[in-house]
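Shown next: structure.cif, containing mmCIF, C-alpha atoms.
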data_start
loop_
_atom_site.label_atom_id
_atom_site.label_comp_id
_atom_site.auth_asym_id
_atom_site.auth_seq_id
_atom_site.Cartn_x
_atom_site.Cartn_y
_atom_site.Cartn_z
CA MET A 1 0.00 0.00 0.00
CA ASN A 2 2.83 2.40 0.84
CA ALA A 3 4.39 1.77 -2.57
CA LEU A 4 1.12 2.66 -4.29
CA LEU A 5 1.00 6.00 -2.44
CA VAL A 6 4.56 6.99 -3.35
CA PRO A 7 3.54 9.39 -6.19
CA PHE A 8 1.50 11.50 -3.77
CA GLN A 9 4.53 12.16 -1.59
CA TYR A 10 6.02 14.55 -4.15
CA GLU A 11 4.73 18.10 -4.45
CA PHE A 12 5.14 18.19 -8.23
CA MET A 13 3.01 15.04 -8.51
CA GLN A 14 0.33 16.56 -6.28
CA HIS A 15 0.16 19.57 -8.61
CA ALA A 16 0.09 17.25 -11.62
CA PHE A 17 -2.79 15.19 -10.21
CA VAL A 18 -4.90 18.30 -9.57
CA ALA A 19 -4.17 19.51 -13.11
CA ALA A 20 -4.96 16.06 -14.54
CA LEU A 21 -8.30 15.96 -12.72
CA ALA A 22 -9.28 19.44 -13.94
CA VAL A 23 -8.13 18.83 -17.51
CA GLY A 24 -9.75 15.41 -17.75
CA LEU A 25 -13.08 16.66 -16.44
CA LEU A 26 -13.14 19.77 -18.64
CA CYS A 27 -11.94 18.19 -21.90
CA SER A 28 -14.22 15.17 -21.66
CA THR A 29 -17.26 17.32 -20.87
CA MET A 30 -16.63 19.70 -23.78
CA GLY A 31 -15.75 16.70 -25.91
CA THR A 32 -19.41 15.65 -25.76
CA TYR A 33 -20.32 18.63 -27.94
CA VAL A 34 -17.32 17.96 -30.20
CA VAL A 35 -18.42 14.39 -30.90
CA LEU A 36 -22.12 15.21 -31.33
CA ARG A 37 -21.33 18.08 -33.72
CA LYS A 38 -18.69 16.02 -35.59
CA LEU A 39 -15.94 18.54 -34.80
CA ALA A 40 -13.16 16.04 -34.03
CA PHE A 41 -10.75 17.94 -36.31
CA ILE A 42 -11.15 21.21 -34.40
CA GLY A 43 -9.11 20.14 -31.38
CA ASP A 44 -6.08 19.34 -33.49
CA GLY A 45 -6.61 22.48 -35.58
CA ILE A 46 -6.82 25.03 -32.79
CA ALA A 47 -4.02 23.34 -30.85
CA HIS A 48 -1.66 23.63 -33.82
CA ALA A 49 -2.77 27.20 -34.49
CA SER A 50 -1.87 28.14 -30.91
CA PHE A 51 1.78 27.44 -31.77
CA ALA A 52 1.89 30.82 -33.50
CA GLY A 53 0.81 32.43 -30.23
CA ILE A 54 3.57 30.60 -28.35
CA VAL A 55 6.17 31.91 -30.79
CA ILE A 56 4.81 35.47 -30.65
CA ALA A 57 4.79 35.33 -26.83
CA TYR A 58 8.40 34.13 -26.87
CA LEU A 59 9.43 37.00 -29.15
CA ARG A 60 7.58 39.57 -27.01
CA GLY A 61 8.77 38.14 -23.70
CA ILE A 62 5.34 37.36 -22.29
CA ASP A 63 3.82 34.17 -20.89
CA TYR A 64 3.63 31.48 -23.56
CA TYR A 65 0.17 30.31 -22.58
CA VAL A 66 -1.26 33.82 -22.73
CA GLY A 67 -0.02 34.12 -26.30
CA ALA A 68 -1.36 30.67 -27.13
CA ALA A 69 -4.76 31.53 -25.64
CA VAL A 70 -5.07 34.78 -27.62
CA VAL A 71 -4.22 33.14 -30.95
CA ALA A 72 -6.40 30.09 -30.18
CA VAL A 73 -9.44 32.28 -29.46
CA LEU A 74 -8.82 34.44 -32.54
CA THR A 75 -8.48 31.32 -34.68
CA ALA A 76 -11.70 29.89 -33.25
CA LEU A 77 -13.58 33.11 -34.00
CA GLY A 78 -12.03 33.18 -37.48
CA ILE A 79 -13.19 29.63 -38.11
CA GLY A 80 -16.74 30.55 -37.14
CA PHE A 81 -16.71 33.75 -39.23
CA VAL A 82 -15.32 32.17 -42.42
CA HIS A 83 -17.58 29.14 -42.07
CA ARG A 84 -20.77 31.16 -41.65
CA ARG A 85 -20.07 34.17 -43.88
CA GLY A 86 -18.15 32.37 -46.61
CA ASN A 87 -20.49 29.37 -46.74
CA ILE A 88 -17.44 27.08 -46.56
CA SER A 89 -17.57 23.68 -44.89
CA LEU A 90 -16.32 23.66 -41.32
CA ASP A 91 -13.59 21.06 -41.82
CA THR A 92 -12.22 22.97 -44.82
CA THR A 93 -12.22 26.21 -42.84
CA ILE A 94 -10.42 24.59 -39.92
CA GLY A 95 -7.83 23.07 -42.24
CA VAL A 96 -7.08 26.38 -43.98
CA LEU A 97 -6.84 28.53 -40.85
CA PHE A 98 -4.92 26.17 -38.60
CA THR A 99 -2.29 25.37 -41.24
CA GLY A 100 -1.92 29.07 -41.98
CA ALA A 101 -1.50 29.98 -38.32
CA PHE A 102 0.89 27.10 -37.67
CA ALA A 103 2.98 28.03 -40.72
CA PHE A 104 3.08 31.64 -39.50
CA GLY A 105 4.52 30.45 -36.19
CA VAL A 106 7.14 28.33 -37.95
CA PHE A 107 8.01 31.29 -40.20
CA LEU A 108 8.52 33.63 -37.25
CA MET A 109 10.64 31.04 -35.48
CA SER A 110 12.77 30.51 -38.61
CA LEU A 111 13.69 34.21 -38.61
CA GLN A 112 15.39 33.87 -35.24
CA LYS A 113 19.03 32.82 -35.44
CA ASN A 114 19.08 31.72 -31.82
CA TYR A 115 16.18 30.72 -29.62
CA ALA A 116 16.07 29.02 -26.24
CA VAL A 117 12.44 27.89 -26.03
CA ASP A 118 11.91 24.14 -25.51
CA LEU A 119 9.31 23.21 -28.10
CA GLN A 120 9.03 19.59 -26.96
CA SER A 121 7.12 20.55 -23.82
CA PHE A 122 4.54 22.33 -25.97
CA LEU A 123 4.32 19.56 -28.55
CA PHE A 124 3.98 16.64 -26.12
CA GLY A 125 3.05 18.29 -22.83
CA ASP A 126 4.79 18.56 -19.48
CA ILE A 127 2.20 17.99 -16.78
CA LEU A 128 4.96 17.17 -14.29
CA GLY A 129 6.20 20.73 -14.67
CA VAL A 130 2.91 22.32 -13.57
CA GLY A 131 3.58 24.97 -10.96
CA ILE A 132 1.26 26.96 -8.73
CA GLY A 133 0.89 29.68 -11.37
CA ASP A 134 0.05 27.13 -14.07
CA LEU A 135 -2.40 25.42 -11.75
CA VAL A 136 -4.19 28.70 -11.02
CA LEU A 137 -4.44 29.42 -14.76
CA ILE A 138 -5.82 25.93 -15.46
CA LEU A 139 -8.41 26.20 -12.69
CA VAL A 140 -9.48 29.76 -13.61
CA LEU A 141 -9.93 28.91 -17.30
CA GLY A 142 -11.60 25.62 -16.41
CA ILE A 143 -14.09 27.29 -14.07
CA ALA A 144 -14.81 30.01 -16.66
CA VAL A 145 -15.58 27.42 -19.34
CA ALA A 146 -17.68 25.36 -16.91
CA VAL A 147 -19.76 28.39 -15.89
CA ALA A 148 -20.29 29.35 -19.54
CA THR A 149 -21.36 25.77 -20.31
CA VAL A 150 -23.97 25.85 -17.55
CA ILE A 151 -25.30 29.24 -18.67
CA LEU A 152 -25.50 28.19 -22.34
CA TYR A 153 -26.56 24.60 -21.63
CA ARG A 154 -29.99 24.82 -23.30
CA GLY A 155 -28.67 26.56 -26.40
CA LEU A 156 -25.72 24.20 -26.74
CA LEU A 157 -27.97 21.17 -26.34
CA TYR A 158 -30.57 22.23 -28.92
CA THR A 159 -28.07 23.43 -31.51
CA SER A 160 -26.04 20.23 -31.16
CA PHE A 161 -29.00 18.07 -32.21
CA ASP A 162 -31.03 20.29 -34.53
CA PRO A 163 -29.71 23.81 -35.24
CA VAL A 164 -32.58 24.59 -37.64
CA VAL A 165 -35.27 23.88 -35.05
CA ALA A 166 -33.21 25.71 -32.44
CA GLN A 167 -33.08 28.79 -34.66
CA ALA A 168 -36.84 28.60 -35.21
CA SER A 169 -37.33 28.38 -31.44
CA GLY A 170 -35.61 31.71 -30.93
CA ILE A 171 -32.17 30.42 -30.01
CA ARG A 172 -29.39 32.44 -31.63
CA SER A 173 -27.50 29.52 -33.10
CA GLY A 174 -24.81 31.78 -34.57
CA ALA A 175 -23.93 33.29 -31.21
CA ILE A 176 -24.02 29.84 -29.59
CA GLU A 177 -21.62 28.51 -32.23
CA TYR A 178 -19.15 31.36 -31.66
CA ALA A 179 -19.37 30.85 -27.90
CA LEU A 180 -18.74 27.11 -28.26
CA LEU A 181 -15.69 27.74 -30.46
CA VAL A 182 -14.21 30.14 -27.91
CA MET A 183 -14.92 27.68 -25.08
CA LEU A 184 -13.23 24.91 -27.04
CA ALA A 185 -10.22 27.16 -27.66
CA LEU A 186 -9.85 27.84 -23.93
CA THR A 187 -10.32 24.14 -23.16
CA ILE A 188 -7.51 23.28 -25.55
CA ILE A 189 -5.22 25.85 -23.89
CA VAL A 190 -6.00 24.28 -20.51
CA ALA A 191 -4.97 20.87 -21.87
CA LEU A 192 -1.76 22.01 -23.60
CA GLN A 193 0.32 21.80 -20.41
CA SER A 194 -0.88 18.24 -19.81
CA VAL A 195 -0.67 16.53 -23.20
CA GLY A 196 0.71 19.13 -25.61
CA ILE A 197 -0.25 20.27 -29.10
CA VAL A 198 0.15 16.85 -30.73
CA LEU A 199 -2.07 14.87 -28.32
CA VAL A 200 -4.68 17.39 -27.17
CA ALA A 201 -7.22 16.39 -29.84
CA ALA A 202 -7.28 12.82 -28.52
CA LEU A 203 -8.07 13.95 -24.99
CA LEU A 204 -10.88 16.15 -26.30
CA VAL A 205 -12.46 13.45 -28.50
CA THR A 206 -11.67 9.95 -27.23
CA PRO A 207 -13.49 9.90 -23.83
CA ALA A 208 -16.64 11.36 -25.40
CA ALA A 209 -16.40 8.90 -28.31
CA ALA A 210 -16.13 6.05 -25.81
CA ALA A 211 -19.17 7.31 -23.90
CA TYR A 212 -21.10 7.54 -27.18
CA GLN A 213 -20.60 3.78 -27.63
CA LEU A 214 -22.36 3.11 -24.34
CA THR A 215 -25.36 5.46 -24.46
CA SER A 216 -27.33 7.57 -26.92
CA ARG A 217 -28.77 9.95 -24.31
CA PHE A 218 -27.09 13.31 -23.82
CA THR A 219 -26.85 13.60 -20.02
CA PRO A 220 -25.62 10.02 -19.44
CA MET A 221 -23.17 10.49 -22.31
CA MET A 222 -21.71 13.64 -20.76
CA THR A 223 -21.50 11.96 -17.34
CA LEU A 224 -19.81 8.86 -18.73
CA SER A 225 -17.45 11.00 -20.77
CA ALA A 226 -16.44 12.94 -17.64
CA ILE A 227 -15.82 9.69 -15.74
CA LEU A 228 -13.76 8.18 -18.56
CA GLY A 229 -11.88 11.43 -19.12
CA THR A 230 -10.82 11.84 -15.51
CA ALA A 231 -9.97 8.13 -15.29
CA SER A 232 -7.73 8.56 -18.35
CA THR A 233 -5.87 11.64 -17.12
CA VAL A 234 -5.48 10.68 -13.47
CA GLY A 235 -4.93 6.99 -14.21
CA GLY A 236 -2.53 7.72 -17.06
CA LEU A 237 -0.50 10.09 -14.90
CA TYR A 238 -0.38 7.51 -12.11
CA LEU A 239 0.75 4.73 -14.48
CA SER A 240 3.38 6.93 -16.12
CA PHE A 241 5.05 7.43 -12.74
CA PHE A 242 5.69 3.71 -12.33
CA LEU A 243 6.31 2.99 -16.02
CA HIS A 244 8.76 5.92 -16.32
CA GLY A 245 7.09 6.93 -19.59
CA SER A 246 5.72 10.13 -21.09
CA SER A 247 2.76 11.33 -19.00
CA GLY A 248 0.90 12.85 -21.95
CA ALA A 249 1.33 9.78 -24.13
CA THR A 250 0.32 7.42 -21.30
CA ILE A 251 -2.83 9.46 -20.67
CA VAL A 252 -3.84 9.28 -24.33
CA LEU A 253 -3.01 5.57 -24.59
CA LEU A 254 -5.15 4.77 -21.55
CA SER A 255 -7.97 6.83 -23.03
CA THR A 256 -7.65 4.86 -26.28
CA LEU A 257 -7.79 1.55 -24.40
CA LEU A 258 -10.96 2.68 -22.63
CA PHE A 259 -12.45 3.58 -26.01
CA PHE A 260 -11.83 0.09 -27.40
CA ALA A 261 -13.19 -1.40 -24.18
CA ALA A 262 -16.38 0.63 -24.72
CA VAL A 263 -16.57 -0.63 -28.31
CA GLY A 264 -16.21 -4.18 -26.99
CA VAL A 265 -19.03 -3.65 -24.48
CA LYS A 266 -21.27 -2.27 -27.23
CA SER A 267 -20.53 -5.24 -29.47
CA ALA A 268 -21.26 -7.68 -26.63
CA ARG A 269 -24.56 -5.94 -25.90
CA SER A 270 -25.54 -6.17 -29.58
CA ALA A 271 -24.67 -9.87 -29.71
CA ILE A 272 -26.73 -10.59 -26.59
CA ALA A 273 -29.66 -8.60 -27.96
CA ARG A 274 -29.60 -10.53 -31.24
CA ARG A 275 -29.56 -13.88 -29.46
CA SER A 276 -32.44 -12.92 -27.18
#
Just give me the structure as structure tokens.
Amino acid sequence: MNALLVPFQYEFMQHAFVAALAVGLLCSTMGTYVVLRKLAFIGDGIAHASFAGIVIAYLRGIDYYVGAAVVAVLTALGIGFVHRRGNISLDTTIGVLFTGAFAFGVFLMSLQKNYAVDLQSFLFGDILGVGIGDLVLILVLGIAVAVATVILYRGLLYTSFDPVVAQASGIRSGAIEYALLVMLALTIIVALQSVGIVLVAALLVTPAAAAYQLTSRFTPMMTLSAILGTASTVGGLYLSFFLHGSSGATIVLLSTLLFFAAVGVKSARSAIARRS
């Protein structure tokens, strides 16, 4: 028993576990809307676009995550604007804007002859390096997104299933879509410290996709997604300590295993139903 509690004896692991719990809960909850709206590509897109913000913040000498948040939100708003005003499909819009923003960040970085920023921590995450300041930022952004989700719950729910009927019912679907994009951008920034740019899309999509295999009702799906998401982040962090592996990668791998387990449960249910 003492050996199992070893990770909690270190202060950096305590910070990491709090961050993992907050990130897992937030990403998996918001991921419910991502899966229902078929926006799986958006997590990867906005995460890569935020790289330009990291580079700009480095050049200006400000906090990297502030720069990433500003560019992520601007990219999210740009995606909504181009999609709605230009009548361009959402996946095409995401692809154009995120590659442009990411290329802009690479271009700015290429102009610097010498730079000391460690890009690996942004690409693959560094949850073990979460400090008090990072933890405060994660919790503040997480609470802000959670409050906005509660306030906009009805609008988000109706527009996720039938935006046309929602519009006819007096719900401003355009404003709801912009709000959701901004909330997703902030959620992605919260997760960057934990799993990085490369893996953040998996954390946003996989728990919700697993929950979708087990139920077709919205509230149970969101609840299951939150349970699976927090199990993935906290469990993955815990396992990575003993396996001496990458925390971000272990979190995503555990989430993927839970997804396939959910698929297996769904298949077993279908087989039993056919036999009965």
Please, which residues in range 96-205 of chain A fall within 9 Å of range 1-15 of chain A when counting only C-alpha atoms, and what is the closest atom pair and distance in Å to one decimal for each, ordered by chain then residue number, as a tab-separated table?
residue	atom	partner	partner_atom	distance
A:Ile127	CA	A:His15	CA	8.6
A:Leu128	CA	A:Phe12	CA	6.1
A:Gly129	CA	A:Phe12	CA	7.0
A:Val130	CA	A:His15	CA	6.3
A:Gly131	CA	A:His15	CA	6.8
A:Ile132	CA	A:His15	CA	7.5
A:Leu135	CA	A:His15	CA	7.1
Let's have the selection written as a PDB file, keeping the file's coordinate frame, with C-alpha atoms.
ATOM      1  CA  ILE A 127       2.200  17.990 -16.780  1.00  0.00           C
ATOM      2  CA  LEU A 128       4.960  17.170 -14.290  1.00  0.00           C
ATOM      3  CA  GLY A 129       6.200  20.730 -14.670  1.00  0.00           C
ATOM      4  CA  VAL A 130       2.910  22.320 -13.570  1.00  0.00           C
ATOM      5  CA  GLY A 131       3.580  24.970 -10.960  1.00  0.00           C
ATOM      6  CA  ILE A 132       1.260  26.960  -8.730  1.00  0.00           C
ATOM      7  CA  LEU A 135      -2.400  25.420 -11.750  1.00  0.00           C
TER       8      LEU A 135
END
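Those residues returned by the PyMOL selection byres ((chain A and resi 247) around 9) for this file are Phe124, Gly125, Asp126, Ile127, Leu128, Ser194, Val195, Thr233, Gly236, Leu237, Tyr238, Leu239, Ser240, Phe241, His244, Gly245, Ser246, Gly248, Ala249, Thr250, Ile251 and Val252 of chain A.
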Any idea what's packed within 10 Å of Thr75 in chain A, counting all atoms listed in the file, ignoring anything in its chain fewer than 4 positions away? Could you give it as an MDAnalysis selection string?
-> chainID A and resid 45:47 49:50 69:71 79:81 94 97:98 101 181:182 185
Keeping only C-alpha atoms, take the residues you just selected and write them out as a short mmCIF file (atom, residue, chain, number, x, y, z; two decimals), in the frame of the given file.
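Final file, selection20.cif:
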data_model
loop_
_atom_site.label_atom_id
_atom_site.label_comp_id
_atom_site.auth_asym_id
_atom_site.auth_seq_id
_atom_site.Cartn_x
_atom_site.Cartn_y
_atom_site.Cartn_z
CA GLY A 45 -6.61 22.48 -35.58
CA ILE A 46 -6.82 25.03 -32.79
CA ALA A 47 -4.02 23.34 -30.85
CA ALA A 49 -2.77 27.20 -34.49
CA SER A 50 -1.87 28.14 -30.91
CA ALA A 69 -4.76 31.53 -25.64
CA VAL A 70 -5.07 34.78 -27.62
CA VAL A 71 -4.22 33.14 -30.95
CA ILE A 79 -13.19 29.63 -38.11
CA GLY A 80 -16.74 30.55 -37.14
CA PHE A 81 -16.71 33.75 -39.23
CA ILE A 94 -10.42 24.59 -39.92
CA LEU A 97 -6.84 28.53 -40.85
CA PHE A 98 -4.92 26.17 -38.60
CA ALA A 101 -1.50 29.98 -38.32
CA LEU A 181 -15.69 27.74 -30.46
CA VAL A 182 -14.21 30.14 -27.91
CA ALA A 185 -10.22 27.16 -27.66
#
Take the point (-7.2, 18.5, -28.3) as written in the file and pick out every residue within 12 Å of it, counting all atoms listed in the file; give the list as a PDB file with C-alpha atoms, in the frame of the given file.
ATOM      1  CA  VAL A  23      -8.130  18.830 -17.510  1.00  0.00           C
ATOM      2  CA  GLY A  24      -9.750  15.410 -17.750  1.00  0.00           C
ATOM      3  CA  LEU A  26     -13.140  19.770 -18.640  1.00  0.00           C
ATOM      4  CA  CYS A  27     -11.940  18.190 -21.900  1.00  0.00           C
ATOM      5  CA  SER A  28     -14.220  15.170 -21.660  1.00  0.00           C
ATOM      6  CA  MET A  30     -16.630  19.700 -23.780  1.00  0.00           C
ATOM      7  CA  GLY A  31     -15.750  16.700 -25.910  1.00  0.00           C
ATOM      8  CA  VAL A  34     -17.320  17.960 -30.200  1.00  0.00           C
ATOM      9  CA  LEU A  39     -15.940  18.540 -34.800  1.00  0.00           C
ATOM     10  CA  ALA A  40     -13.160  16.040 -34.030  1.00  0.00           C
ATOM     11  CA  PHE A  41     -10.750  17.940 -36.310  1.00  0.00           C
ATOM     12  CA  ILE A  42     -11.150  21.210 -34.400  1.00  0.00           C
ATOM     13  CA  GLY A  43      -9.110  20.140 -31.380  1.00  0.00           C
ATOM     14  CA  ASP A  44      -6.080  19.340 -33.490  1.00  0.00           C
ATOM     15  CA  GLY A  45      -6.610  22.480 -35.580  1.00  0.00           C
ATOM     16  CA  ILE A  46      -6.820  25.030 -32.790  1.00  0.00           C
ATOM     17  CA  ALA A  47      -4.020  23.340 -30.850  1.00  0.00           C
ATOM     18  CA  HIS A  48      -1.660  23.630 -33.820  1.00  0.00           C
ATOM     19  CA  ALA A  49      -2.770  27.200 -34.490  1.00  0.00           C
ATOM     20  CA  SER A  50      -1.870  28.140 -30.910  1.00  0.00           C
ATOM     21  CA  ALA A  72      -6.400  30.090 -30.180  1.00  0.00           C
ATOM     22  CA  LEU A 123       4.320  19.560 -28.550  1.00  0.00           C
ATOM     23  CA  PHE A 124       3.980  16.640 -26.120  1.00  0.00           C
ATOM     24  CA  GLY A 125       3.050  18.290 -22.830  1.00  0.00           C
ATOM     25  CA  LEU A 184     -13.230  24.910 -27.040  1.00  0.00           C
ATOM     26  CA  ALA A 185     -10.220  27.160 -27.660  1.00  0.00           C
ATOM     27  CA  LEU A 186      -9.850  27.840 -23.930  1.00  0.00           C
ATOM     28  CA  THR A 187     -10.320  24.140 -23.160  1.00  0.00           C
ATOM     29  CA  ILE A 188      -7.510  23.280 -25.550  1.00  0.00           C
ATOM     30  CA  ILE A 189      -5.220  25.850 -23.890  1.00  0.00           C
ATOM     31  CA  VAL A 190      -6.000  24.280 -20.510  1.00  0.00           C
ATOM     32  CA  ALA A 191      -4.970  20.870 -21.870  1.00  0.00           C
ATOM     33  CA  LEU A 192      -1.760  22.010 -23.600  1.00  0.00           C
ATOM     34  CA  GLN A 193       0.320  21.800 -20.410  1.00  0.00           C
ATOM     35  CA  SER A 194      -0.880  18.240 -19.810  1.00  0.00           C
ATOM     36  CA  VAL A 195      -0.670  16.530 -23.200  1.00  0.00           C
ATOM     37  CA  GLY A 196       0.710  19.130 -25.610  1.00  0.00           C
ATOM     38  CA  ILE A 197      -0.250  20.270 -29.100  1.00  0.00           C
ATOM     39  CA  VAL A 198       0.150  16.850 -30.730  1.00  0.00           C
ATOM     40  CA  LEU A 199      -2.070  14.870 -28.320  1.00  0.00           C
ATOM     41  CA  VAL A 200      -4.680  17.390 -27.170  1.00  0.00           C
ATOM     42  CA  ALA A 201      -7.220  16.390 -29.840  1.00  0.00           C
ATOM     43  CA  ALA A 202      -7.280  12.820 -28.520  1.00  0.00           C
ATOM     44  CA  LEU A 203      -8.070  13.950 -24.990  1.00  0.00           C
ATOM     45  CA  LEU A 204     -10.880  16.150 -26.300  1.00  0.00           C
ATOM     46  CA  VAL A 205     -12.460  13.450 -28.500  1.00  0.00           C
ATOM     47  CA  THR A 206     -11.670   9.950 -27.230  1.00  0.00           C
ATOM     48  CA  PRO A 207     -13.490   9.900 -23.830  1.00  0.00           C
ATOM     49  CA  GLY A 248       0.900  12.850 -21.950  1.00  0.00           C
ATOM     50  CA  VAL A 252      -3.840   9.280 -24.330  1.00  0.00           C
TER      51      VAL A 252
END
Ala166 in chain A: which residues within 12 Å, counting only C-alpha atoms, same-chain residues fewer than 5 positions away excluded, as a PDB file with C-alpha atoms, keeping the file's coordinate frame?
ATOM      1  CA  ARG A 154     -29.990  24.820 -23.300  1.00  0.00           C
ATOM      2  CA  GLY A 155     -28.670  26.560 -26.400  1.00  0.00           C
ATOM      3  CA  LEU A 156     -25.720  24.200 -26.740  1.00  0.00           C
ATOM      4  CA  LEU A 157     -27.970  21.170 -26.340  1.00  0.00           C
ATOM      5  CA  TYR A 158     -30.570  22.230 -28.920  1.00  0.00           C
ATOM      6  CA  THR A 159     -28.070  23.430 -31.510  1.00  0.00           C
ATOM      7  CA  SER A 160     -26.040  20.230 -31.160  1.00  0.00           C
ATOM      8  CA  PHE A 161     -29.000  18.070 -32.210  1.00  0.00           C
ATOM      9  CA  ILE A 171     -32.170  30.420 -30.010  1.00  0.00           C
ATOM     10  CA  ARG A 172     -29.390  32.440 -31.630  1.00  0.00           C
ATOM     11  CA  SER A 173     -27.500  29.520 -33.100  1.00  0.00           C
ATOM     12  CA  GLY A 174     -24.810  31.780 -34.570  1.00  0.00           C
ATOM     13  CA  ILE A 176     -24.020  29.840 -29.590  1.00  0.00           C
ATOM     14  CA  GLU A 177     -21.620  28.510 -32.230  1.00  0.00           C
TER      15      GLU A 177
END
So which residues touch range 216-226 of chain A within 6 Å, counting all atoms listed in the file, skipping near sequence neighbours fewer than 2 positions away, as a compact mmCIF listing (two decimals) with C-alpha atoms, in the frame of the given file?
# COMPACT_ATOMS: atom_id res chain seq x y z
CA LEU A 25 -13.08 16.66 -16.44
CA SER A 28 -14.22 15.17 -21.66
CA THR A 29 -17.26 17.32 -20.87
CA THR A 32 -19.41 15.65 -25.76
CA PRO A 207 -13.49 9.90 -23.83
CA ALA A 208 -16.64 11.36 -25.40
CA ALA A 211 -19.17 7.31 -23.90
CA LEU A 228 -13.76 8.18 -18.56
CA GLY A 229 -11.88 11.43 -19.12
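Those residues returned by the PyMOL selection byres ((chain A and resi 143) around 12) for this file are A:Ala22, A:Val23, A:Leu25, A:Leu26, A:Val136, A:Leu137, A:Ile138, A:Leu139, A:Val140, A:Leu141, A:Gly142, A:Ala144, A:Val145, A:Ala146, A:Val147, A:Ala148, A:Thr149, A:Val150, A:Met183, A:Leu186, A:Thr187, A:Val190.
Between Val55 in chain A and the candidates A:Gln112, A:Ser276, A:Thr230, A:Thr256, the tightest atom-to-atom separation, counting all atoms listed in the file, involves A:Gln112.
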All residues 8 Å or closer to Ala262 in chain A, all atoms listed in the file, same chain fewer than 6 positions away omitted, as a list in words | Ala210, Ala211, Gln213 and Leu214 of chain A
Go ahead and dump the residues you just picked, C-alpha atoms, as a short mmCIF file (atom, residue, chain, number, x, y, z; two decimals), in the frame of the given file.
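The result, stored in part_14.cif:
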data_model
loop_
_atom_site.label_atom_id
_atom_site.label_comp_id
_atom_site.auth_asym_id
_atom_site.auth_seq_id
_atom_site.Cartn_x
_atom_site.Cartn_y
_atom_site.Cartn_z
CA ALA A 210 -16.13 6.05 -25.81
CA ALA A 211 -19.17 7.31 -23.90
CA GLN A 213 -20.60 3.78 -27.63
CA LEU A 214 -22.36 3.11 -24.34
#
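Take CA of His83 in chain A and CA of Phe102 in chain A: the distance between them is 19.1 Å.
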CA of Gly133 in chain A to CA of Gly67 in chain A, straight-line distance in Å = 15.6 Å
Hey, can you check how far CA of Tyr65 in chain A sits from CA of Tyr33 in chain A?
-> 24.2 Å
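Here the question is which of A:Val164, A:Leu258, A:Val234, A:Val265 gets nearest to Ala20 in chain A using only C-alpha atoms, and that residue is A:Val234.
The residues returned by the PyMOL selection byres ((chain A and resi 64) around 10) for this structure are Ser50, Phe51, Gly53, Ile54, Val55, Ile56, Ala57, Tyr58, Leu59, Arg60, Gly61, Ile62, Asp63, Tyr65, Val66, Gly67, Ala68, Ala69, Val117 and Phe122 of chain A.
The closest residue to Pro163 in chain A, picked from A:Ala175, A:Gly105, A:Leu74, A:Thr92 and counting only C-alpha atoms, is A:Ala175.
When only C-alpha atoms are used to measure the gap to Ala103 in chain A, the shortest distance among A:Ala179, A:Ala168, A:Ala76, A:Ala52 belongs to A:Ala52.
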Given all atoms listed in the file as the counted atoms, nearest of A:Leu90, A:Ile151, A:Ala209, A:Arg274 to Val35 in chain A = A:Ala209
